[in-house]
file query.cif (mmCIF, C-alpha atoms)
data_upload
#
loop_
_atom_site.label_atom_id
_atom_site.label_comp_id
_atom_site.auth_asym_id
_atom_site.auth_seq_id
_atom_site.Cartn_x
_atom_site.Cartn_y
_atom_site.Cartn_z
CA MET A 1 0.00 0.00 0.00
CA ASN A 2 0.99 3.61 -0.58
CA ILE A 3 1.56 5.76 2.52
CA LEU A 4 1.89 9.54 2.93
CA LEU A 5 3.84 10.80 5.93
CA ILE A 6 3.45 14.49 6.78
CA GLY A 7 6.44 16.37 8.24
CA SER A 8 10.06 17.34 7.78
CA GLY A 9 11.88 16.85 11.08
CA GLY A 10 13.92 14.26 12.90
CA ARG A 11 10.76 12.61 14.18
CA GLU A 12 9.52 12.11 10.62
CA HIS A 13 12.89 10.72 9.49
CA ALA A 14 12.70 8.19 12.35
CA MET A 15 9.10 7.35 11.40
CA ALA A 16 10.03 6.98 7.74
CA ASN A 17 12.84 4.58 8.68
CA ALA A 18 10.37 2.45 10.67
CA LEU A 19 7.59 2.54 8.07
CA ALA A 20 10.04 1.60 5.32
CA LYS A 21 10.57 -1.78 7.04
CA SER A 22 6.91 -2.80 6.75
CA HIS A 23 5.98 -5.78 4.58
CA LEU A 24 2.72 -3.94 3.80
CA LEU A 25 4.45 -0.95 2.22
CA THR A 26 4.47 -0.41 -1.52
CA ARG A 27 5.50 3.22 -1.70
CA LEU A 28 6.25 5.82 0.96
CA TYR A 29 5.89 9.55 0.31
CA VAL A 30 7.02 12.23 2.77
CA ALA A 31 5.74 15.81 2.55
CA PRO A 32 7.88 17.82 2.49
CA GLY A 33 10.58 15.59 4.01
CA ASN A 34 14.29 16.37 4.29
CA PRO A 35 17.60 15.07 2.90
CA GLY A 36 17.42 12.11 5.29
CA THR A 37 13.88 10.95 4.44
CA GLU A 38 14.84 11.11 0.76
CA ARG A 39 17.01 8.04 1.31
CA VAL A 40 14.09 5.80 2.36
CA ALA A 41 11.09 7.51 0.71
CA GLU A 42 10.06 9.94 -2.01
CA ASN A 43 9.91 13.55 -0.83
CA VAL A 44 7.03 15.55 -2.27
CA ASP A 45 6.52 19.31 -2.31
CA LEU A 46 3.16 19.43 -0.58
CA ASP A 47 1.90 22.04 1.86
CA ALA A 48 0.13 20.32 4.77
CA GLY A 49 -1.78 23.54 5.38
CA ASP A 50 -3.44 23.24 1.95
CA HIS A 51 -5.94 20.52 2.81
CA GLY A 52 -7.38 20.41 -0.69
CA ALA A 53 -3.95 19.78 -2.19
CA VAL A 54 -3.28 16.97 0.28
CA VAL A 55 -6.63 15.33 -0.53
CA ARG A 56 -5.97 15.59 -4.28
CA PHE A 57 -2.50 14.07 -3.88
CA CYS A 58 -3.92 11.17 -1.88
CA ARG A 59 -6.50 10.44 -4.54
CA GLU A 60 -4.03 10.70 -7.41
CA MET A 61 -1.46 8.46 -5.73
CA GLY A 62 -3.85 5.94 -4.21
CA ILE A 63 -2.79 6.70 -0.64
CA ALA A 64 -4.12 4.08 1.80
CA LEU A 65 -3.07 5.90 4.98
CA VAL A 66 -1.88 9.40 5.86
CA VAL A 67 0.37 9.56 8.93
CA VAL A 68 0.57 13.06 10.39
CA GLY A 69 3.87 13.60 12.22
CA PRO A 70 3.93 17.16 13.65
CA GLU A 71 1.42 18.90 15.88
CA GLN A 72 0.56 21.94 13.75
CA PRO A 73 -1.30 20.09 10.94
CA LEU A 74 -3.26 18.15 13.58
CA ILE A 75 -4.33 21.30 15.38
CA GLY A 76 -5.03 22.85 11.97
CA GLY A 77 -7.63 20.16 11.18
CA LEU A 78 -5.85 18.10 8.51
CA VAL A 79 -7.27 14.83 9.84
CA ASP A 80 -10.79 16.27 9.72
CA ALA A 81 -10.34 17.20 6.05
CA LEU A 82 -9.02 13.72 5.22
CA GLU A 83 -11.90 12.04 7.07
CA ARG A 84 -14.43 14.15 5.15
CA ALA A 85 -12.76 12.92 1.96
CA GLN A 86 -12.96 9.32 3.28
CA ILE A 87 -9.16 9.00 3.41
CA LEU A 88 -7.79 7.03 6.36
CA ALA A 89 -5.51 9.06 8.61
CA PHE A 90 -3.47 8.40 11.75
CA GLY A 91 -3.80 11.26 14.20
CA PRO A 92 -6.46 13.09 16.21
CA THR A 93 -9.12 15.41 14.84
CA GLN A 94 -8.90 19.13 15.49
CA ALA A 95 -11.23 18.86 18.48
CA ALA A 96 -9.22 16.01 20.02
CA ALA A 97 -5.94 17.81 19.27
CA GLN A 98 -6.89 20.48 21.82
CA LEU A 99 -5.12 18.20 24.31
CA GLU A 100 -1.90 19.68 22.94
CA GLY A 101 -3.23 22.84 21.34
CA SER A 102 -4.45 24.34 24.62
CA LYS A 103 -2.78 23.72 27.96
CA GLY A 104 -5.76 25.34 29.63
CA PHE A 105 -8.16 22.88 27.97
CA THR A 106 -6.12 19.95 29.27
CA LYS A 107 -5.79 21.37 32.78
CA ASP A 108 -9.56 21.88 32.95
CA LEU A 109 -10.09 18.31 31.72
CA CYS A 110 -7.78 17.03 34.45
CA ARG A 111 -9.74 18.99 37.06
CA ASP A 112 -13.10 17.74 35.80
CA TYR A 113 -12.09 14.07 35.52
CA GLY A 114 -9.85 13.74 38.58
CA ILE A 115 -6.62 13.25 36.63
CA PRO A 116 -3.59 13.99 38.84
CA THR A 117 -1.80 17.18 37.79
CA ALA A 118 -0.34 20.34 39.30
CA ALA A 119 -2.68 22.93 40.82
CA TYR A 120 -3.14 25.83 38.37
CA GLU A 121 -4.94 28.98 37.27
CA ARG A 122 -5.62 30.38 33.77
CA PHE A 123 -5.19 34.06 32.91
CA CYS A 124 -6.06 36.29 29.96
CA ASP A 125 -5.15 39.44 31.92
CA LYS A 126 -1.52 40.26 32.66
CA ASP A 127 -2.15 42.22 35.84
CA LYS A 128 -4.27 39.44 37.35
CA ALA A 129 -1.59 36.90 36.44
CA LEU A 130 1.13 39.00 38.09
CA ALA A 131 -0.98 39.50 41.21
CA TRP A 132 -1.57 35.74 41.53
CA LEU A 133 2.14 35.08 41.01
CA ARG A 134 3.07 37.45 43.81
CA GLU A 135 0.57 35.78 46.10
CA LYS A 136 1.95 32.27 45.39
CA GLY A 137 5.68 33.00 45.13
CA ALA A 138 8.37 30.82 43.56
CA PRO A 139 9.39 28.30 42.36
CA ILE A 140 6.46 28.27 39.96
CA VAL A 141 5.76 27.32 36.32
CA VAL A 142 4.51 29.74 33.65
CA LYS A 143 3.15 28.35 30.37
CA ALA A 144 1.88 29.86 27.15
CA ASP A 145 -1.51 28.25 26.53
CA GLY A 146 -0.89 27.35 22.86
CA LEU A 147 1.88 25.89 20.73
CA ALA A 148 5.35 27.37 21.18
CA ALA A 149 7.71 24.79 19.63
CA GLY A 150 8.58 23.35 23.03
CA LYS A 151 9.79 26.73 24.32
CA GLY A 152 6.60 28.08 25.90
CA VAL A 153 7.27 26.77 29.41
CA VAL A 154 9.30 28.67 32.00
CA VAL A 155 10.16 26.87 35.23
CA ALA A 156 10.86 29.95 37.32
CA ALA A 157 13.14 29.58 40.34
CA THR A 158 12.46 33.16 41.44
CA LEU A 159 9.49 35.50 41.45
CA GLU A 160 11.39 37.93 39.22
CA GLU A 161 11.94 35.22 36.58
CA ALA A 162 8.25 34.31 36.68
CA GLU A 163 7.22 37.95 36.30
CA ARG A 164 9.52 38.36 33.29
CA ALA A 165 7.96 35.27 31.69
CA VAL A 166 4.43 36.59 32.17
CA GLU A 167 5.40 40.03 30.83
CA ALA A 168 7.07 38.48 27.75
CA MET A 169 4.17 36.17 26.94
CA PHE A 170 1.55 38.90 27.16
CA ALA A 171 3.86 41.16 25.12
CA GLY A 172 3.64 38.67 22.24
CA LEU A 173 6.76 36.50 22.62
CA PHE A 174 4.78 33.51 21.30
CA GLY A 175 2.20 35.40 19.29
CA GLY A 176 -1.36 34.22 19.81
CA SER A 177 -0.13 31.18 21.73
CA GLY A 178 0.66 33.46 24.67
CA ALA A 179 -2.61 35.39 24.65
CA GLU A 180 -3.64 33.16 27.54
CA VAL A 181 -1.22 31.99 30.21
CA VAL A 182 -1.42 29.01 32.54
CA ILE A 183 0.41 29.30 35.86
CA GLU A 184 0.84 26.17 37.94
CA GLU A 185 2.54 24.85 41.03
CA PHE A 186 6.08 23.55 40.78
CA LEU A 187 6.21 19.76 41.10
CA GLU A 188 9.14 17.93 42.69
CA GLY A 189 10.26 14.69 41.07
CA GLU A 190 11.72 13.19 37.91
CA GLU A 191 10.20 13.72 34.47
CA ALA A 192 9.42 10.93 32.04
CA SER A 193 7.72 10.59 28.67
CA PHE A 194 4.97 7.98 28.37
CA PHE A 195 3.46 7.03 25.00
CA ALA A 196 0.17 5.26 24.32
CA ILE A 197 -1.38 4.30 20.98
CA CYS A 198 -5.11 5.04 20.83
CA ASP A 199 -7.92 3.99 18.49
CA GLY A 200 -10.70 6.25 19.76
CA THR A 201 -12.00 3.72 22.24
CA ARG A 202 -8.97 1.92 23.62
CA ALA A 203 -5.40 2.82 24.44
CA VAL A 204 -2.42 0.49 24.80
CA PRO A 205 0.94 1.43 26.32
CA PHE A 206 3.60 1.92 23.67
CA ALA A 207 6.96 2.98 25.13
CA THR A 208 8.77 5.21 27.61
CA ALA A 209 11.61 7.66 27.26
CA GLN A 210 13.21 10.59 29.04
CA ASP A 211 13.81 13.85 27.20
CA HIS A 212 16.35 16.54 28.13
CA LYS A 213 14.63 19.88 27.60
CA ARG A 214 17.16 22.40 28.92
CA VAL A 215 19.80 23.61 26.49
CA GLY A 216 22.81 23.17 28.81
CA ASP A 217 24.57 20.35 30.60
CA GLY A 218 23.23 19.66 34.06
CA ASP A 219 19.74 20.75 32.92
CA THR A 220 20.66 24.43 32.84
CA GLY A 221 19.54 27.27 30.60
CA PRO A 222 16.24 27.82 28.76
CA ASN A 223 13.87 25.12 27.57
CA THR A 224 14.20 23.81 24.03
CA GLY A 225 12.32 21.43 21.80
CA GLY A 226 14.59 18.70 23.20
CA MET A 227 18.37 18.24 23.31
CA GLY A 228 18.40 14.45 23.51
CA ALA A 229 16.61 11.44 24.94
CA TYR A 230 16.96 7.81 25.91
CA SER A 231 14.64 4.81 26.00
CA PRO A 232 13.41 2.88 27.88
CA ALA A 233 13.08 4.99 31.04
CA SER A 234 13.50 2.47 33.86
CA VAL A 235 12.08 4.99 36.33
CA VAL A 236 8.69 4.14 34.79
CA THR A 237 8.34 0.76 36.47
CA PRO A 238 5.55 -1.71 35.57
CA GLN A 239 3.69 -0.50 38.66
CA ILE A 240 3.95 3.15 37.57
CA GLU A 241 2.91 2.22 34.04
CA ALA A 242 -0.24 0.58 35.42
CA ARG A 243 -1.04 3.71 37.43
CA VAL A 244 -0.44 5.99 34.43
CA MET A 245 -2.83 3.94 32.31
CA ALA A 246 -5.51 3.73 35.02
CA GLU A 247 -5.25 7.25 36.46
CA ILE A 248 -4.22 9.37 33.47
CA ILE A 249 -4.57 7.76 30.01
CA GLU A 250 -7.85 5.87 30.41
CA PRO A 251 -9.73 8.76 32.10
CA THR A 252 -8.51 11.03 29.30
CA MET A 253 -9.81 8.62 26.66
CA ARG A 254 -13.18 8.50 28.45
CA ALA A 255 -13.28 12.28 28.76
CA MET A 256 -12.62 12.84 25.07
CA ARG A 257 -15.31 10.34 24.08
CA GLU A 258 -17.79 12.10 26.35
CA LYS A 259 -16.83 15.43 24.77
CA GLY A 260 -17.62 14.00 21.33
CA ALA A 261 -13.95 14.06 20.28
CA PRO A 262 -12.64 10.49 20.64
CA PHE A 263 -8.85 10.40 20.52
CA LYS A 264 -7.06 8.42 17.81
CA GLY A 265 -3.30 8.61 17.41
CA VAL A 266 -0.36 8.90 19.76
CA LEU A 267 -1.12 10.21 23.23
CA TYR A 268 2.19 11.38 24.68
CA ALA A 269 1.98 12.15 28.37
CA GLY A 270 4.72 14.27 29.87
CA LEU A 271 4.85 13.04 33.46
CA MET A 272 6.33 14.15 36.75
CA LEU A 273 6.99 11.18 39.00
CA THR A 274 6.33 12.69 42.42
CA ALA A 275 6.33 11.21 45.92
CA ASP A 276 2.53 10.99 45.56
CA GLY A 277 2.74 9.11 42.26
CA PRO A 278 2.72 10.12 38.57
CA LYS A 279 1.18 13.47 37.67
CA LEU A 280 0.46 14.83 34.20
CA ILE A 281 2.55 17.84 33.18
CA GLU A 282 1.10 18.14 29.68
CA TYR A 283 -0.08 16.15 26.67
CA ASN A 284 1.26 16.00 23.14
CA ASN A 285 -0.75 14.51 20.27
CA ARG A 286 2.10 12.82 18.42
CA PHE A 287 5.39 11.01 18.76
CA GLY A 288 7.92 13.17 20.57
CA ASP A 289 10.96 14.69 18.94
CA PRO A 290 13.60 13.51 19.89
CA GLU A 291 11.81 10.63 21.68
CA ALA A 292 10.74 9.00 18.39
CA GLN A 293 14.40 8.68 17.46
CA VAL A 294 15.05 6.40 20.47
CA ILE A 295 11.69 4.59 20.66
CA LEU A 296 11.14 3.55 17.04
CA PRO A 297 14.52 1.84 16.47
CA ARG A 298 13.67 -0.41 19.44
CA LEU A 299 10.26 -1.41 18.04
CA ALA A 300 10.15 -5.13 17.19
CA ASP A 301 6.67 -5.08 15.61
CA ASP A 302 5.53 -3.55 12.31
CA LEU A 303 4.84 0.18 12.84
CA LEU A 304 2.57 0.41 9.80
CA GLU A 305 0.42 -2.47 11.06
CA ILE A 306 0.04 -0.71 14.42
CA LEU A 307 -0.89 2.66 12.90
CA LEU A 308 -3.39 1.05 10.52
CA ALA A 309 -5.09 -0.82 13.36
CA ALA A 310 -5.36 2.36 15.45
CA SER A 311 -6.72 4.37 12.52
CA ARG A 312 -9.37 1.71 11.87
CA GLY A 313 -10.43 1.63 15.53
CA ALA A 314 -9.21 -1.94 15.94
CA LEU A 315 -6.09 -2.00 18.12
CA PRO A 316 -5.10 -5.43 19.40
CA GLU A 317 -5.20 -5.84 23.16
CA ALA A 318 -1.52 -6.77 23.47
CA PRO A 319 0.89 -3.82 23.51
CA PRO A 320 3.61 -3.68 20.84
CA ARG A 321 6.90 -5.50 21.45
CA PHE A 322 10.27 -3.77 21.84
CA SER A 323 13.85 -4.97 21.98
CA ASN A 324 15.65 -4.96 25.31
CA ASP A 325 18.32 -2.64 23.92
CA GLY A 326 18.90 0.80 25.33
CA ALA A 327 18.78 3.65 22.83
CA LEU A 328 20.12 7.18 23.26
CA THR A 329 20.03 10.14 20.92
CA VAL A 330 22.06 13.35 21.00
CA VAL A 331 20.64 16.39 19.20
CA LEU A 332 23.16 18.50 17.29
CA CYS A 333 22.00 22.12 17.17
CA ALA A 334 23.10 25.18 15.28
CA LYS A 335 24.90 27.75 17.40
CA GLY A 336 22.44 30.35 18.69
CA TYR A 337 19.66 27.83 19.38
CA PRO A 338 17.17 28.08 21.12
CA GLY A 339 17.41 31.71 20.12
CA THR A 340 18.16 32.62 16.50
CA PRO A 341 20.18 29.74 15.02
CA MET A 342 23.16 30.38 12.72
CA THR A 343 22.15 28.50 9.58
CA GLY A 344 24.02 27.79 6.36
CA SER A 345 27.18 26.19 7.80
CA GLU A 346 28.43 22.98 6.16
CA ILE A 347 28.31 19.62 7.94
CA ARG A 348 30.80 16.89 7.05
CA GLY A 349 31.47 13.39 8.28
CA VAL A 350 27.88 12.15 8.61
CA ALA A 351 28.58 9.05 6.51
CA GLY A 352 31.45 8.10 8.80
CA ALA A 353 29.20 8.40 11.86
CA GLU A 354 26.49 6.30 10.20
CA ALA A 355 29.02 3.57 9.41
CA MET A 356 29.68 2.99 13.12
CA ALA A 357 28.06 -0.07 14.69
CA GLY A 358 24.62 0.55 16.18
CA VAL A 359 24.45 4.19 15.04
CA ILE A 360 21.61 5.94 13.19
CA VAL A 361 21.75 9.58 12.08
CA THR A 362 18.42 11.29 11.41
CA HIS A 363 18.00 14.70 9.82
CA ALA A 364 15.95 17.41 11.50
CA GLY A 365 17.00 20.76 10.02
CA THR A 366 19.26 20.21 7.01
CA ARG A 367 19.28 20.99 3.31
CA ASP A 368 21.31 19.66 0.41
CA GLU A 369 23.02 22.24 -1.76
CA GLY A 370 25.00 20.82 -4.63
CA GLY A 371 25.97 17.74 -2.65
CA ARG A 372 26.92 19.78 0.42
CA LEU A 373 24.92 19.19 3.61
CA LEU A 374 24.05 22.51 5.25
CA ALA A 375 22.39 23.48 8.52
CA ALA A 376 18.89 24.81 7.91
CA GLY A 377 17.32 25.05 11.36
CA GLY A 378 17.87 25.09 15.11
CA ARG A 379 17.90 21.37 15.82
CA VAL A 380 19.79 19.96 12.86
CA LEU A 381 20.82 16.30 13.31
CA ASN A 382 20.02 13.49 15.75
CA VAL A 383 22.74 10.95 16.46
CA THR A 384 21.17 7.78 17.89
CA ALA A 385 22.90 4.66 19.15
CA LEU A 386 21.59 1.31 20.36
CA ALA A 387 23.42 -1.03 22.74
CA GLY A 388 22.89 -3.44 25.61
CA SER A 389 22.61 -0.60 28.12
CA VAL A 390 21.98 3.15 28.07
CA ALA A 391 25.59 3.72 29.21
CA GLU A 392 26.91 1.77 26.23
CA ALA A 393 24.49 3.56 23.91
CA GLN A 394 25.70 6.91 25.26
CA ALA A 395 29.34 6.02 24.58
CA ARG A 396 28.50 4.97 21.02
CA ALA A 397 26.39 8.05 20.37
CA TYR A 398 29.08 10.50 21.50
CA ALA A 399 31.77 8.64 19.53
CA ALA A 400 29.58 9.15 16.46
CA VAL A 401 28.97 12.80 17.35
CA ASP A 402 32.73 13.31 17.50
CA ALA A 403 33.08 11.78 14.02
CA ILE A 404 30.93 14.60 12.56
CA ASP A 405 32.82 17.70 11.47
CA TRP A 406 30.60 20.72 12.09
CA THR A 407 32.09 23.86 13.57
CA GLY A 408 28.72 25.62 13.42
CA GLY A 409 27.03 23.23 15.83
CA PHE A 410 26.93 22.19 19.48
CA CYS A 411 25.28 19.60 21.72
CA ARG A 412 24.83 18.63 25.33
CA ARG A 413 27.43 16.16 26.57
CA ASP A 414 25.42 14.57 29.38
CA ILE A 415 22.37 13.00 27.74
CA GLY A 416 21.15 10.03 29.77
CA TRP A 417 23.01 10.98 32.95
CA ARG A 418 20.22 9.98 35.34
CA GLU A 419 19.72 6.55 33.79
CA ILE A 420 23.44 5.86 33.64
CA ALA A 421 23.74 6.69 37.33
CA ARG A 422 20.94 4.20 38.02
CA GLU A 423 22.67 1.54 35.93
CA ARG A 424 25.91 2.01 37.83
CA ARG A 425 24.11 1.65 41.16
#

call {"tool": "encode", "arguments": {"input": "query.cif", "output": "structure tokens"}}
result
Amino acid sequence: MNILLIGSGGREHAMANALAKSHLLTRLYVAPGNPGTERVAENVDLDAGDHGAVVRFCREMGIALVVVGPEQPLIGGLVDALERAQILAFGPTQAAAQLEGSKGFTKDLCRDYGIPTAAYERFCDKDKALAWLREKGAPIVVKADGLAAGKGVVVAATLEEAERAVEAMFAGLFGGSGAEVVIEEFLEGEEASFFAICDGTRAVPFATAQDHKRVGDGDTGPNTGGMGAYSPASVVTPQIEARVMAEIIEPTMRAMREKGAPFKGVLYAGLMLTADGPKLIEYNNRFGDPEAQVILPRLADDLLEILLAASRGALPEAPPRFSNDGALTVVLCAKGYPGTPMTGSEIRGVAGAEAMAGVIVTHAGTRDEGGRLLAAGGRVLNVTALAGSVAEAQARAYAAVDAIDWTGGFCRRDIGWREIARERR
């Protein structure tokens, strides 16, 4: 069957690699793709925001399933347009995608359905937000309500930092996404990423990972879209997984059905593992980036079969199988990120890194210019390694990073540090 994958980042390259292995696949198209996806699929110049053009392409090419990778097309209603055209799609409708599109929507849902999360308030007025901040004090968390490319969350250690975040958001730092602000209590614990595959009625656990959001070693500096990740996250024990499914995922599925917006797709729960148990930080509606780069290479089952079953509302009861390997990915970023990245610098040595045992390089923000690979974004490459442990995967990943010649880039050098400390103990 012919498949269309929407997106152009490292997540989509990882998804394309996994889909390309399927025995069901005839032809894989990626729109718009990148120089990495071009090696396993056919890139097509298609604007996901032009729903009519996507529908026409699907009809012309006999597309059996559209897999939507990034959040923006989901929140923009692409799945709704495909469903109206009777084209099968993997991903939530626009109404269901509010789980990621509005942090306030999700916080209210948690309140109404007893889902454990941080205490919060929503504000559309700057002065009221500042007054509430001053009443509560710090540490505290300030969030833009809408999408902000992973950068709309400020974990403020001081009241002054929190006030600056509120001022910046209401001044338009994130455009319309910051027109409403959610302020919530600071939770103590360790973060983890939990993924479930959903078919509108049922959800099955998929995989766990831990992302590293801060730009600097030791989890310092501003938040980013993600500087690296590892999988599996052993801190999510079988007992915690059972609680997450029972207390967070399943009530969310029930809530969305009752709201008339049943959730199909990937439900990615960002968790804080507190002394009182797992609490929901926020939801995403899709595979994480860079979590997909460490989860999908470990998948032992056919990704296309899983996505088809979910899209048809017929997920099997048994969760998908994964290898016992540890996987770790390091994100190579252009200097200046998460501010204004310095693009256009040449990257050499990628083929040498890819030739190393257990190493996969996925493209996130690159372009090919006359055979030269150039940086074309903030997060540019993902260097992933698999091995018998996360510590071994880390060593392999950084050896591959060091084989890449790119003076215009940088990375964190401590990805996986918590898990490696656990392994050593």

call {"tool": "resolve_selection", "arguments": {"input": "query.cif", "expression": "the PyMOL selection byres ((chain A and resi 303-318) around 10)", "output": "MDAnalysis selection string"}}
result
chainID A and resid 3 15:16 18:25 64:67 88:92 197:205 264:266 296 299:302 319:321

call {"tool": "closest_residue", "arguments": {"input": "query.cif", "among": "A:Gly344, A:Gly225, A:Gly7, A:Gly388", "to": "A:Ser323", "atoms": "only C-alpha atoms"}}
result
A:Gly388

call {"tool": "closest_residue", "arguments": {"input": "query.cif", "among": "A:Ala393, A:Leu332, A:Leu381, A:Leu78", "to": "A:Ile420", "atoms": "all atoms listed in the file"}}
result
A:Ala393

call {"tool": "resolve_selection", "arguments": {"input": "query.cif", "expression": "the PyMOL selection byres ((chain A and resi 231-235) around 6)", "output": "count of residues only"}}
result
9

call {"tool": "resolve_selection", "arguments": {"input": "query.cif", "expression": "the PyMOL selection byres ((chain A and resi 387) around 10)", "output": "VMD selection string"}}
result
chain A and resid 324 to 328 357 to 359 385 to 386 388 to 397

call {"tool": "closest_residue", "arguments": {"input": "query.cif", "among": "A:Gly378, A:Gly101, A:Gly370, A:Gly77", "to": "A:Gly339", "atoms": "only C-alpha atoms"}}
result
A:Gly378

call {"tool": "residues_around", "arguments": {"input": "query.cif", "residues": "A:Pro73", "least_positions_apart": "4", "cutoff": "12 Å", "atoms": "all atoms listed in the file", "output": "JSON, numbers by chain"}}
result
{"A": [5, 6, 7, 31, 47, 48, 49, 50, 51, 54, 66, 67, 68, 69, 77, 78, 79, 80, 81, 82, 90, 91, 92, 93, 94, 97, 101, 147, 285, 286]}

call {"tool": "residues_near_point", "arguments": {"input": "query.cif", "point": "(-4.5, 4.8, -7.4)", "cutoff": "12 Å", "atoms": "all atoms listed in the file", "output": "NGL selection string"}}
result
:A and (1-3 or 26-27 or 56-64)

call {"tool": "residues_around", "arguments": {"input": "query.cif", "residues": "A:Gly260", "least_positions_apart": "4", "cutoff": "9 Å", "atoms": "all atoms listed in the file", "output": "MDAnalysis selection string"}}
result
chainID A and resid 95:96 255:256

call {"tool": "atom_distance", "arguments": {"input": "query.cif", "atom1": "atom CA of A:Lys213", "atom2": "atom CA of A:Ile249"}}
result
22.8 Å

call {"tool": "closest_residue", "arguments": {"input": "query.cif", "among": "A:Val401, A:Ile295, A:Ala156, A:Ala14", "to": "A:Ala41", "atoms": "all atoms listed in the file"}}
result
A:Ala14

call {"tool": "residues_around", "arguments": {"input": "query.cif", "residues": "A:Pro222", "least_positions_apart": "4", "cutoff": "9 Å", "atoms": "only C-alpha atoms", "output": "MDAnalysis selection string"}}
result
chainID A and resid 151 154:155 213:216 338

call {"tool": "atom_distance", "arguments": {"input": "query.cif", "atom1": "atom CA of A:Val166", "atom2": "atom CA of A:Ser102"}}
result
16.9 Å

call {"tool": "atom_distance", "arguments": {"input": "query.cif", "atom1": "atom CA of A:Gly270", "atom2": "atom CA of A:Glu191"}}
result
7.2 Å

call {"tool": "closest_residue", "arguments": {"input": "query.cif", "among": "A:Asp145, A:Gly218, A:Gly416, A:Pro278", "to": "A:Ala242", "atoms": "all atoms listed in the file"}}
result
A:Pro278

call {"tool": "closest_residue", "arguments": {"input": "query.cif", "among": "A:Asn43, A:Gln239, A:Asn223, A:Asn382", "to": "A:Asp289", "atoms": "only C-alpha atoms"}}
result
A:Asn382
